[in-house]
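**Student:** Next up is a structure, given as structure tokens.
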Amino acid sequence: MSRRRRYEPPIKKNSTFTLNITSMTDMFTILLVFLLQTYNTAEVNITPVEGMRLPTSASMSNATEAIKISLSGDALKIDQNKLADIKNSEFLPQDLEAKDTNFIKPLFAELDRIAKSPEEKDKVHIKEGRILLQADRSLPYATLRKVMYTASMAGFPQLKLVTLVGE
Amino acid sequence: MRRPKKIRVNQSGEFDLDLAPLLAVMVKLVPVLLLSSAFVQMMVIETELPQVVSEAIQRNDKQETPTTVALEVDPKAGIHIILTVKGKEKVETVKLLGGVYDYKGLHEKLVAVKKAHPEVFKLELNPDGKVPYDDVVKIMDEARQARDNTVHFPVFDTKQGKEVDTNYMFPEIIFTNMMEG
């Protein structure tokens, strides 16, 4: 009696296979177009400060190299360097000059140090006195005025306000 | 006699495009673009102006009694537009609408002021200390440029020797109360 052979499904023994990359290329093309749209052509990259809500504006001017000051609801900083605390949208009395309450002592000292520093003083934005101010939109103008006043006293009168794109 | 061998030609135009090199390029491009992408677009408000507008501002500054436009922002009363022509002051008030500033009304009044005095490009802004920064920026937005693209103001271009149109209203905004205590 002959034994019946067991059915074996046809399986390719060859281990190489061709990967269909057409769909992957499609995906990458879409991703590339999206990234090209968001490509930043600005001369300077501004890093948003955590927890700060910037005002929106119709202005479409790109930022140029300048000293970056940030004024959030709790601190005044130059880059990541904290200069003064803010409580209830006000600077603390010890950071302000007793006779002139618009004058922020630590800010003036830091700007003065930058303006006189041998590595920084010859840079164009320092010579021209340019400042990029990021400020929380809920802060009152009186708090901002103190920063603007102190900066102009320290020889930085060219103030540019950082805003988000929108109406 | 032996017949010549007929060469078989694939008549169908289909072929497999090798997408691997294209994909390799994309894989390299994507991380580069990811690093240089700005997902939050941030701009600045500044006073860099077109040459024609800058010249017009300088001409206005040279006048002995220049026409000036000032805005006083009062959180209770609204926005006062103070127009000074030849030393005479004229005040117009844009009242609050439901407790908020009437930006549309302010813009319309500023367009009217600009149409009457196209030579003025400077605006003196005096916000009260209690006015939020967000409102200050919105007021600056309303004053800087005409929203309606059909609205243009004449400016004399000294290089061309003729009047040209601009949609800039008051691009040079100065915080005049900055030095006040």
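Here's how to read the names in the structure tokens: chain A, B, ... by the order shown, residue numbers from 1 in each chain, ligand numbers from 1 in the order shown.
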Residues at most 8 Å from Asp95 of chain A, counting only C-alpha atoms, excluding those fewer than 3 positions away in the same chain, as a PDB file with C-alpha atoms, in the first residue's frame?

**Tutor:**
ATOM      1  CA  ALA A  84      15.196  89.655  39.635  1.00  0.00           C
ATOM      2  CA  PHE A  91       9.423  93.867  41.118  1.00  0.00           C
ATOM      3  CA  LEU A  92      10.550  93.365  44.699  1.00  0.00           C
ATOM      4  CA  ILE A 104      15.985  97.961  38.258  1.00  0.00           C
ATOM      5  CA  LYS A 105      19.443  97.667  39.830  1.00  0.00           C
ATOM      6  CA  PRO A 106      20.347  94.063  38.821  1.00  0.00           C
TER       7      PRO A 106
END

**Student:** Please build the interface table for chain A against chain B with a cut-off of 7 Å, listing for each qualifying residue the nearest atom pair and the distance in Å to one decimal; count only C-alpha atoms, order rows by chain and increasing number, and write it as JSON lines.

**Tutor:**
{"residue": "A:Ile21", "atom": "CA", "partner": "B:Leu19", "partner_atom": "CA", "distance": 7.0}
{"residue": "A:Thr25", "atom": "CA", "partner": "B:Leu23", "partner_atom": "CA", "distance": 5.9}
{"residue": "A:Phe28", "atom": "CA", "partner": "B:Met26", "partner_atom": "CA", "distance": 6.5}
{"residue": "A:Leu32", "atom": "CA", "partner": "B:Val30", "partner_atom": "CA", "distance": 6.3}
{"residue": "A:Leu35", "atom": "CA", "partner": "B:Leu33", "partner_atom": "CA", "distance": 5.9}
{"residue": "A:Leu36", "atom": "CA", "partner": "B:Leu33", "partner_atom": "CA", "distance": 6.9}
{"residue": "A:Thr38", "atom": "CA", "partner": "B:Ser37", "partner_atom": "CA", "distance": 5.3}
{"residue": "A:Tyr39", "atom": "CA", "partner": "B:Ser37", "partner_atom": "CA", "distance": 4.4}
{"residue": "A:Asn40", "atom": "CA", "partner": "B:Ser37", "partner_atom": "CA", "distance": 5.3}
{"residue": "A:Pro55", "atom": "CA", "partner": "B:Asp134", "partner_atom": "CA", "distance": 5.2}
{"residue": "A:Ser57", "atom": "CA", "partner": "B:Asp141", "partner_atom": "CA", "distance": 6.4}
{"residue": "A:Ala58", "atom": "CA", "partner": "B:Asp141", "partner_atom": "CA", "distance": 6.4}
{"residue": "A:Ser59", "atom": "CA", "partner": "B:Ile45", "partner_atom": "CA", "distance": 5.9}
{"residue": "A:Met60", "atom": "CA", "partner": "B:Met43", "partner_atom": "CA", "distance": 5.8}
{"residue": "A:Ser61", "atom": "CA", "partner": "B:Met43", "partner_atom": "CA", "distance": 5.5}
{"residue": "A:Asn62", "atom": "CA", "partner": "B:Met43", "partner_atom": "CA", "distance": 5.2}
{"residue": "A:Ala63", "atom": "CA", "partner": "B:Val44", "partner_atom": "CA", "distance": 5.7}
{"residue": "A:Asn102", "atom": "CA", "partner": "B:Gly181", "partner_atom": "CA", "distance": 6.5}
{"residue": "A:Arg137", "atom": "CA", "partner": "B:Asp134", "partner_atom": "CA", "distance": 4.6}
{"residue": "A:Ser138", "atom": "CA", "partner": "B:Pro132", "partner_atom": "CA", "distance": 5.5}
{"residue": "A:Leu139", "atom": "CA", "partner": "B:Pro132", "partner_atom": "CA", "distance": 5.5}
{"residue": "A:Pro140", "atom": "CA", "partner": "B:Pro132", "partner_atom": "CA", "distance": 4.2}
{"residue": "A:Tyr141", "atom": "CA", "partner": "B:Gly129", "partner_atom": "CA", "distance": 4.9}
{"residue": "A:Ala142", "atom": "CA", "partner": "B:Gly129", "partner_atom": "CA", "distance": 4.1}
{"residue": "A:Arg145", "atom": "CA", "partner": "B:Met178", "partner_atom": "CA", "distance": 5.7}
{"residue": "A:Tyr149", "atom": "CA", "partner": "B:Met178", "partner_atom": "CA", "distance": 6.1}
{"residue": "A:Lys160", "atom": "CA", "partner": "B:Glu46", "partner_atom": "CA", "distance": 5.4}
{"residue": "A:Leu161", "atom": "CA", "partner": "B:Ile45", "partner_atom": "CA", "distance": 5.2}
{"residue": "A:Val162", "atom": "CA", "partner": "B:Val44", "partner_atom": "CA", "distance": 4.5}
{"residue": "A:Thr163", "atom": "CA", "partner": "B:Met43", "partner_atom": "CA", "distance": 5.4}
{"residue": "A:Leu164", "atom": "CA", "partner": "B:Met42", "partner_atom": "CA", "distance": 4.6}
{"residue": "A:Val165", "atom": "CA", "partner": "B:Gln41", "partner_atom": "CA", "distance": 5.9}

**Student:** How would the residues just picked look written out with N, CA and C atoms as a short mmCIF file (atom, residue, chain, number, x, y, z; two decimals), in the first residue's frame?

**Tutor:**
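Saved result, again_16.cif, follows:
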data_model
loop_
_atom_site.label_atom_id
_atom_site.label_comp_id
_atom_site.auth_asym_id
_atom_site.auth_seq_id
_atom_site.Cartn_x
_atom_site.Cartn_y
_atom_site.Cartn_z
N ILE A 21 8.75 50.44 -0.89
CA ILE A 21 9.02 51.71 -0.21
C ILE A 21 8.22 52.87 -0.79
N THR A 25 7.97 56.57 0.83
CA THR A 25 8.42 57.76 0.10
C THR A 25 7.33 58.82 0.10
N PHE A 28 7.31 60.49 3.46
CA PHE A 28 8.45 61.39 3.61
C PHE A 28 8.29 62.66 2.79
N LEU A 32 8.40 66.29 4.33
CA LEU A 32 9.40 67.23 3.81
C LEU A 32 8.76 68.58 3.46
N LEU A 35 7.87 70.37 6.69
CA LEU A 35 9.04 70.92 7.36
C LEU A 35 9.63 72.11 6.60
N LEU A 36 9.53 72.07 5.28
CA LEU A 36 10.01 73.21 4.48
C LEU A 36 9.17 74.45 4.75
N THR A 38 7.69 75.17 7.58
CA THR A 38 8.00 75.70 8.91
C THR A 38 9.47 76.05 9.07
N TYR A 39 10.22 75.95 7.97
CA TYR A 39 11.65 76.23 8.02
C TYR A 39 11.90 77.66 8.46
N ASN A 40 12.75 77.80 9.46
CA ASN A 40 13.00 79.11 10.04
C ASN A 40 14.11 79.83 9.30
N PRO A 55 2.12 88.09 23.61
CA PRO A 55 0.98 88.67 22.90
C PRO A 55 1.06 88.35 21.41
N SER A 57 0.55 89.50 17.39
CA SER A 57 0.61 90.73 16.61
C SER A 57 0.60 90.41 15.13
N ALA A 58 0.23 91.40 14.32
CA ALA A 58 0.22 91.22 12.87
C ALA A 58 1.61 91.50 12.28
N SER A 59 2.56 91.88 13.11
CA SER A 59 3.90 92.20 12.64
C SER A 59 4.57 90.96 12.04
N MET A 60 5.27 91.13 10.91
CA MET A 60 5.93 90.00 10.25
C MET A 60 7.43 90.25 10.12
N SER A 61 7.99 91.03 11.02
CA SER A 61 9.43 91.30 10.98
C SER A 61 10.19 90.23 11.75
N ASN A 62 11.24 89.73 11.14
CA ASN A 62 12.06 88.73 11.81
C ASN A 62 13.01 89.38 12.81
N ALA A 63 13.35 88.60 13.82
CA ALA A 63 14.23 89.14 14.85
C ALA A 63 15.67 89.21 14.36
N ASN A 102 11.65 103.26 39.05
CA ASN A 102 11.64 102.68 37.70
C ASN A 102 12.95 102.00 37.37
N ARG A 137 1.99 88.52 28.33
CA ARG A 137 0.96 89.44 27.86
C ARG A 137 0.07 90.00 28.98
N SER A 138 0.04 89.30 30.14
CA SER A 138 -0.84 89.76 31.21
C SER A 138 -0.19 90.81 32.11
N LEU A 139 1.12 91.02 31.94
CA LEU A 139 1.82 91.99 32.80
C LEU A 139 1.36 93.41 32.50
N PRO A 140 1.27 94.24 33.53
CA PRO A 140 0.87 95.63 33.26
C PRO A 140 2.00 96.43 32.62
N TYR A 141 1.64 97.47 31.93
CA TYR A 141 2.62 98.31 31.22
C TYR A 141 3.65 98.90 32.20
N ALA A 142 3.21 99.18 33.45
CA ALA A 142 4.10 99.77 34.45
C ALA A 142 5.33 98.89 34.70
N ARG A 145 7.55 99.10 31.64
CA ARG A 145 8.15 100.44 31.55
C ARG A 145 9.46 100.49 32.36
N TYR A 149 12.89 101.53 30.72
CA TYR A 149 13.57 102.68 31.30
C TYR A 149 15.00 102.32 31.68
N LYS A 160 13.01 95.90 20.90
CA LYS A 160 12.11 95.21 19.98
C LYS A 160 11.26 94.23 20.79
N LEU A 161 9.97 94.29 20.57
CA LEU A 161 9.05 93.46 21.35
C LEU A 161 8.76 92.16 20.60
N VAL A 162 8.99 91.05 21.28
CA VAL A 162 8.76 89.73 20.64
C VAL A 162 7.28 89.37 20.77
N THR A 163 6.69 89.01 19.64
CA THR A 163 5.27 88.63 19.63
C THR A 163 5.08 87.33 18.84
N LEU A 164 3.93 86.73 19.04
CA LEU A 164 3.58 85.55 18.25
C LEU A 164 2.85 86.00 17.00
N VAL A 165 2.91 85.17 15.97
CA VAL A 165 2.23 85.51 14.73
C VAL A 165 0.74 85.26 14.89
#

**Student:** What lies within 8 Å of Leu125 of chain B using only C-alpha atoms, ignoring chain neighbours under 2 positions off, as a tab-separated table (two decimals) with C-alpha atoms, in the first residue's frame?

**Tutor:**
chain	number	residue	atom	x	y	z
B	70	ALA	CA	-0.70	110.98	20.53
B	71	LEU	CA	-2.70	108.20	22.15
B	72	GLU	CA	-3.47	108.15	25.84
B	73	VAL	CA	-4.74	104.79	27.00
B	123	LEU	CA	2.69	108.25	17.05
B	127	PRO	CA	-0.51	103.87	28.13
B	173	ILE	CA	5.59	104.40	17.77
B	174	ILE	CA	7.28	106.06	20.72
B	175	PHE	CA	6.48	105.40	24.36
B	176	THR	CA	6.64	109.00	25.49
B	177	ASN	CA	5.81	108.29	29.12

**Student:** How many Å lie between atom CA of Ala151 of chain A and atom CA of Asp100 of chain A, rounded to one decimal?

**Tutor:**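 Separation of atom CA of Ala151 of chain A and atom CA of Asp100 of chain A: 14.1 Å.
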
**Student:** To test your reading of the structure, identify every residue in chain A that backbone DSSP assigns to alpha helix (DSSP H), and report it as JSON, numbers by chain.

**Tutor:** {"A": [22, 23, 24, 25, 26, 27, 28, 29, 30, 31, 32, 33, 34, 35, 36, 37, 105, 106, 107, 108, 109, 110, 111, 112, 113, 114, 115, 116, 124, 125, 126, 127, 128, 141, 142, 143, 144, 145, 146, 147, 148, 149, 150, 151, 152, 153]}

**Student:** Quick one: pull the distance between atom CA of Val147 of chain A and atom CA of Lys77 of chain A, Å, one decimal.

**Tutor:** 10.9 Å

**Student:** Would you list, as a ChimeraX atom specification, the residues of segment 31-149 of chain A that end up in strand (DSSP E or B) under DSSP run on this structure's backbone?

**Tutor:** /A:39,56-57,61,67-71,75-78,81-87,90-91,96,104,130-135,140

**Student:** Any idea what the distance is between atom CA of Ile46 of chain A and atom CA of Leu96 of chain A?

**Tutor:**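 Distance between the two atoms: 27.8 Å.
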